[in-house]
Amino acid sequence: LSSKILIKGGTVVNAHQQEVADVFVEDGIIVVVKPNIKVGDDVYVIDASGKFVMPGGIDPHTHLAMEFMSTETIDDFFSGQAAALAGGTTMHIDFVIPLNGSLVAGFEAYKKKAKKSCMDYGFHMAVTKWDEVVSREMEIMVKENGINSFKFFMAYKGSLMINDDLLLEGLKQCKSLGALAMVHAENGDAVFEGQKRMIELGITGPEGHALSRPPVLEGEATARAIRLASFINTPLYVVHVMSIDAMEEIARARKSGQRVIGEPVVSGLVLDDSKLWDPDFTTASKYVMSPPIRPSGHDKALQAALSTGVLQLVGTDHCVFNSTQKAFGIDDFRKIPNGVNGIEERMHLLWDTMVESGQISVTDFVRVTSTECARIFNIYPRKGAILAGSDADIIILNPNSSFEISARSHHSRTDTNVYEGRRGKGKVEVTISGGRVVWENDELKVSPGSGKYIEMRPFSYLFSGIDKADASYISSLNAPVNRFKSST
Ligand code: DUC
Ligand code: ZN
Ligand code: ZN
Ligand code: ZN
């Protein structure tokens with residue numbers, strides 16, 4: 001196939017603007033965007049009239065080839081990415097899990113897993129314990145390995161969970177390195193207690209998962225993380241915001257001027273928990289993820305928060321286990337591996353739910369699925385834009401065509417799909433990844449090893465130690481809450 005591509009006559013959409021224009025691509029890069037580009041016949045021409053030409057999606061939250069809950073996710077860096085490309089996502093950011101407590105060893109292991117990549121990817125790094133070595137390894141990750149974000153699990157007691165003392169150390173270290181702190185916000189001690197209560201009551205099925213870790217525990221941890229980030233004076237990114245409780249804490253903090261980013265995931269935006277009560281275990285267990293999918297009402301509230309800018313970008317938490325793996329928890333919901341699919345479905349479901357319904361504009365669709373992620377993780381405009389010089393990660397979406405989701409036709413390796421049977425308007429008809437047409441006419445053309453590791457540089461809005469600005473910030477923390485000040 002030609003390394004030169006011309007996309008003709010479509011509506012080119014960026015987060016800042018849409019216009020009818022052609023897009024010319026050569027050697028993996030967007031060369032020019034303007035109307036009526038003339039080319040020779042060595043160029044592969046795609047007619048996009050009546051369609052939207054947009055930056056490929058960037059999924060900020062995935063778990064491919066992750067060892068978790070005594071098993072391993074069934075989508076690896078090839079199958080998960082192939083699924084992503086078929087659904088219009090051209091980059092994802094995965095979470096490196098430390099190996100035997102070592103961040104460096106974890107990073108090396110993930111680099112190996114990612115060798116078979118067929119699209120571009122980046123990494124966040126989970127921090128699950130604290131000592132001088134971890135602190136130094138965080139620095140190595142930022143300065144030498146292209147990682148600018150660290151995730152702290154406030155849940156998963158006994159494995160990944162960290163306590164407040166570690167969270168404070170982590171926030172401080174993120175701040176001094178210019179990295180973004182991320183949290184999985186659920187109160188892990190209370191979840192542990194909730195699980196014990198369910199088992200004592202004899203509730204061992206998938207519904208026990210939801211009942212054991214209600215929204216109030218997500219709200220508590222979100223509020224706590226936000227306040228600790230405020231105390232340290234560093235920005236915070238809250239992953240998978242699943243409840244009104246968590247969303248309202250983010251809204252409140254943002255309103256008061258705090259730099260908090262909220263990431264809803266597709267499952268939280270478009271599903272409710274009703275299926276967790278399905279008497280068929282295979283059906284119910286596929287909806288088990290953490291934080292849990294919430295009762296109806298939370299989904300609509302999260303959509304509203306996304307459309308009004310309270311929440312900024314959408315991920316998936318794609319973390320897939322097949323029905324055999326899910327069945328590890330047939331007698332005890334605590335053993336059901338946590339996770340749902342979404343990397344292939346995110347773009348379609350968001351288009352149908354948010355754009356078709358009129359809740360967000362087409363430019364906002366690009367913002368929440370791609371551009372905002374690129375900006376937050378410091379890779380814009382190489383990613384997240386259709387501009388001269390940007391990477392040629394491009395999709396063509398036909399608003400008049402429709403999609404249908406089924407485990408029979410999806411590209412993930414898992415045998416179930418939490419969106420089984422969903423149909424909607426808007427279909428990604430073409431995906432271009434790194435200047436190659438990888439999805440066209442419902443056919444995938446991907447090859448392992450073609451994806452690149454995208455290094456993400458640290459931010460410079462931060463400063464280390466206690467300097468003058470920090471000192472004045474710390475004293476300002478007292479002012480608005482000083483209710484007991486003497487009036488004399
Ligand atoms: N939640 C999940 O459902 N899976 C992976 C990790 C997480 O936090
Ligand atoms: Zn999580
Ligand atoms: Zn996750
Ligand atoms: Zn619809």
# chains A, B, ... in the order shown; residues from 1 in each chain; ligands from 1
call {"tool": "residues_near_ligand", "arguments": {"ligand": "ligand 2", "cutoff": "9 Å", "atoms": "only C-alpha atoms and all ligand atoms", "output": "PyMOL selection string"}}
result
chain A and resi 61+151-155+183-186+239-240+289-291+317
call {"tool": "residues_around", "arguments": {"residues": "Gln258 (chain A)", "least_positions_apart": "6", "cutoff": "12 Å", "atoms": "only C-alpha atoms", "output": "list in words"}}
result
Ile226, Arg227, Leu228, Ala229, Ser230, Phe231, Ile232, Asn233, Thr234, Pro235, Leu236, Tyr237, Glu249, Ile250, Ala251, Arg252 and Leu477 of chain A
call {"tool": "write_last_selection", "arguments": {"atoms": "C-alpha atoms", "output": "PDB file, in the first residue's frame"}}
result
ATOM      1  CA  ILE A 226      -8.725  15.525  46.732  1.00  0.00           C
ATOM      2  CA  ARG A 227      -8.110  17.050  50.151  1.00  0.00           C
ATOM      3  CA  LEU A 228      -4.693  15.427  50.499  1.00  0.00           C
ATOM      4  CA  ALA A 229      -3.742  16.683  47.028  1.00  0.00           C
ATOM      5  CA  SER A 230      -4.891  20.128  48.088  1.00  0.00           C
ATOM      6  CA  PHE A 231      -2.783  19.882  51.259  1.00  0.00           C
ATOM      7  CA  ILE A 232       0.298  18.936  49.203  1.00  0.00           C
ATOM      8  CA  ASN A 233      -0.700  21.471  46.513  1.00  0.00           C
ATOM      9  CA  THR A 234      -0.394  19.191  43.531  1.00  0.00           C
ATOM     10  CA  PRO A 235      -2.881  18.312  40.757  1.00  0.00           C
ATOM     11  CA  LEU A 236      -4.891  15.093  40.979  1.00  0.00           C
ATOM     12  CA  TYR A 237      -6.422  12.820  38.343  1.00  0.00           C
ATOM     13  CA  GLU A 249     -16.522  15.876  45.129  1.00  0.00           C
ATOM     14  CA  ILE A 250     -14.672  16.646  41.895  1.00  0.00           C
ATOM     15  CA  ALA A 251     -17.199  19.329  40.946  1.00  0.00           C
ATOM     16  CA  ARG A 252     -16.833  20.964  44.348  1.00  0.00           C
ATOM     17  CA  LEU A 477      -5.215  26.922  53.413  1.00  0.00           C
TER      18      LEU A 477
END
call {"tool": "residues_near_ligand", "arguments": {"ligand": "ligand 4", "cutoff": "8 Å", "atoms": "only C-alpha atoms and all ligand atoms", "output": "PyMOL selection string"}}
result
chain A and resi 352-353+356-357+423-425
call {"tool": "write_last_selection", "arguments": {"atoms": "C-alpha atoms", "output": "mmCIF file, in the first residue's frame"}}
result
data_model
loop_
_atom_site.group_PDB
_atom_site.id
_atom_site.type_symbol
_atom_site.label_atom_id
_atom_site.label_comp_id
_atom_site.auth_asym_id
_atom_site.auth_seq_id
_atom_site.Cartn_x
_atom_site.Cartn_y
_atom_site.Cartn_z
ATOM 1 C CA ASP A 352 -24.321 7.498 20.012
ATOM 2 C CA THR A 353 -24.941 8.406 23.653
ATOM 3 C CA GLU A 356 -26.481 11.712 18.635
ATOM 4 C CA SER A 357 -28.476 12.786 21.679
ATOM 5 C CA ARG A 423 -26.880 -0.769 18.287
ATOM 6 C CA GLY A 424 -26.518 2.882 17.525
ATOM 7 C CA LYS A 425 -25.873 5.606 14.987
#
call {"tool": "residues_around", "arguments": {"residues": "Cys174 (chain A)", "least_positions_apart": "3", "cutoff": "9 Å", "atoms": "only C-alpha atoms", "output": "PyMOL selection string"}}
result
chain A and resi 138-139+148-150+169-171+177-181+234
call {"tool": "residues_around", "arguments": {"residues": "Ser323 (chain A)", "least_positions_apart": "4", "cutoff": "10 Å", "atoms": "only C-alpha atoms", "output": "short mmCIF file (atom, residue, chain, number, x, y, z; two decimals) with C-alpha atoms, in the first residue's frame"}}
result
data_model
loop_
_atom_site.label_atom_id
_atom_site.label_comp_id
_atom_site.auth_asym_id
_atom_site.auth_seq_id
_atom_site.Cartn_x
_atom_site.Cartn_y
_atom_site.Cartn_z
CA PHE A 281 -23.77 -16.29 36.82
CA THR A 282 -22.03 -15.97 33.43
CA THR A 283 -24.20 -12.99 32.57
CA SER A 285 -20.23 -11.86 36.52
CA LYS A 286 -19.17 -10.17 33.31
CA ALA A 327 -16.14 -18.45 36.97
CA PHE A 328 -13.25 -18.54 39.47
CA ILE A 336 -14.43 -12.89 40.30
CA THR A 414 -12.94 -12.54 25.34
CA ASP A 415 -16.11 -14.58 24.76
CA THR A 416 -18.56 -12.08 26.25
#
call {"tool": "select_by_dssp", "arguments": {"residues": "region 202-382 of chain A", "states": "alpha helix (DSSP H)", "output": "PyMOL selection string"}}
result
chain A and resi 206-212+215-232+244-255+266-270+281-285+298-307+323-326+346-350+362-366+372-376
call {"tool": "write_last_selection", "arguments": {"atoms": "C-alpha atoms", "output": "mmCIF file, in the first residue's frame"}}
result
data_model
loop_
_atom_site.group_PDB
_atom_site.id
_atom_site.type_symbol
_atom_site.label_atom_id
_atom_site.label_comp_id
_atom_site.auth_asym_id
_atom_site.auth_seq_id
_atom_site.Cartn_x
_atom_site.Cartn_y
_atom_site.Cartn_z
ATOM 1 C CA PRO A 206 -22.081 -11.005 41.741
ATOM 2 C CA GLU A 207 -24.694 -8.693 43.305
ATOM 3 C CA GLY A 208 -22.668 -8.986 46.531
ATOM 4 C CA HIS A 209 -19.834 -7.213 44.698
ATOM 5 C CA ALA A 210 -21.943 -4.089 44.172
ATOM 6 C CA LEU A 211 -23.518 -4.252 47.641
ATOM 7 C CA SER A 212 -20.148 -4.586 49.375
ATOM 8 C CA PRO A 215 -20.985 4.779 46.140
ATOM 9 C CA VAL A 216 -20.406 6.287 49.580
ATOM 10 C CA LEU A 217 -17.024 4.505 49.763
ATOM 11 C CA GLU A 218 -16.043 5.943 46.384
ATOM 12 C CA GLY A 219 -17.183 9.387 47.496
ATOM 13 C CA GLU A 220 -15.186 9.136 50.739
ATOM 14 C CA ALA A 221 -11.938 8.125 49.042
ATOM 15 C CA THR A 222 -12.365 10.699 46.275
ATOM 16 C CA ALA A 223 -12.900 13.440 48.853
ATOM 17 C CA ARG A 224 -9.919 12.252 50.889
ATOM 18 C CA ALA A 225 -7.581 12.092 47.895
ATOM 19 C CA ILE A 226 -8.725 15.525 46.732
ATOM 20 C CA ARG A 227 -8.110 17.050 50.151
ATOM 21 C CA LEU A 228 -4.693 15.427 50.499
ATOM 22 C CA ALA A 229 -3.742 16.683 47.028
ATOM 23 C CA SER A 230 -4.891 20.128 48.088
ATOM 24 C CA PHE A 231 -2.783 19.882 51.259
ATOM 25 C CA ILE A 232 0.298 18.936 49.203
ATOM 26 C CA ILE A 244 -22.540 10.830 41.642
ATOM 27 C CA ASP A 245 -20.814 10.782 45.038
ATOM 28 C CA ALA A 246 -17.323 10.919 43.495
ATOM 29 C CA MET A 247 -18.345 13.277 40.692
ATOM 30 C CA GLU A 248 -19.781 15.815 43.157
ATOM 31 C CA GLU A 249 -16.522 15.876 45.129
ATOM 32 C CA ILE A 250 -14.672 16.646 41.895
ATOM 33 C CA ALA A 251 -17.199 19.329 40.946
ATOM 34 C CA ARG A 252 -16.833 20.964 44.348
ATOM 35 C CA ALA A 253 -13.039 20.939 44.244
ATOM 36 C CA ARG A 254 -12.922 22.357 40.715
ATOM 37 C CA LYS A 255 -15.379 25.073 41.676
ATOM 38 C CA VAL A 266 -17.756 4.134 29.184
ATOM 39 C CA SER A 267 -19.259 1.438 31.411
ATOM 40 C CA GLY A 268 -20.130 4.045 34.030
ATOM 41 C CA LEU A 269 -21.613 6.372 31.432
ATOM 42 C CA VAL A 270 -23.867 3.921 29.595
ATOM 43 C CA PHE A 281 -23.765 -16.294 36.818
ATOM 44 C CA THR A 282 -22.034 -15.974 33.430
ATOM 45 C CA THR A 283 -24.204 -12.989 32.569
ATOM 46 C CA ALA A 284 -23.950 -11.280 35.942
ATOM 47 C CA SER A 285 -20.234 -11.858 36.517
ATOM 48 C CA HIS A 298 -25.527 7.612 38.193
ATOM 49 C CA ASP A 299 -24.997 7.007 34.449
ATOM 50 C CA LYS A 300 -27.128 10.006 33.430
ATOM 51 C CA ALA A 301 -25.507 12.235 36.044
ATOM 52 C CA LEU A 302 -22.033 11.316 34.784
ATOM 53 C CA GLN A 303 -23.130 12.094 31.211
ATOM 54 C CA ALA A 304 -24.311 15.513 32.351
ATOM 55 C CA ALA A 305 -21.021 16.099 34.170
ATOM 56 C CA LEU A 306 -19.106 15.200 31.011
ATOM 57 C CA SER A 307 -21.201 17.491 28.844
ATOM 58 C CA SER A 323 -16.228 -16.541 31.245
ATOM 59 C CA THR A 324 -13.934 -19.343 32.440
ATOM 60 C CA GLN A 325 -11.844 -16.831 34.374
ATOM 61 C CA LYS A 326 -14.933 -15.046 35.706
ATOM 62 C CA ARG A 346 -15.789 3.470 23.532
ATOM 63 C CA MET A 347 -15.927 5.692 20.437
ATOM 64 C CA HIS A 348 -19.178 4.254 19.086
ATOM 65 C CA LEU A 349 -21.014 4.296 22.400
ATOM 66 C CA LEU A 350 -19.925 7.832 23.190
ATOM 67 C CA VAL A 362 -18.755 16.984 17.463
ATOM 68 C CA THR A 363 -15.754 19.104 18.489
ATOM 69 C CA ASP A 364 -16.363 18.204 22.136
ATOM 70 C CA PHE A 365 -16.481 14.551 21.113
ATOM 71 C CA VAL A 366 -12.933 14.939 19.785
ATOM 72 C CA GLU A 372 -7.873 16.348 26.265
ATOM 73 C CA CYS A 373 -5.961 13.143 26.970
ATOM 74 C CA ALA A 374 -3.096 14.274 24.736
ATOM 75 C CA ARG A 375 -2.985 17.642 26.513
ATOM 76 C CA ILE A 376 -3.138 16.188 30.022
#
call {"tool": "closest_residue", "arguments": {"among": "A:Pro279, A:Gly88, A:Gly339, A:Pro60", "to": "ligand 1", "atoms": "only C-alpha atoms and all ligand atoms"}}
result
A:Gly339
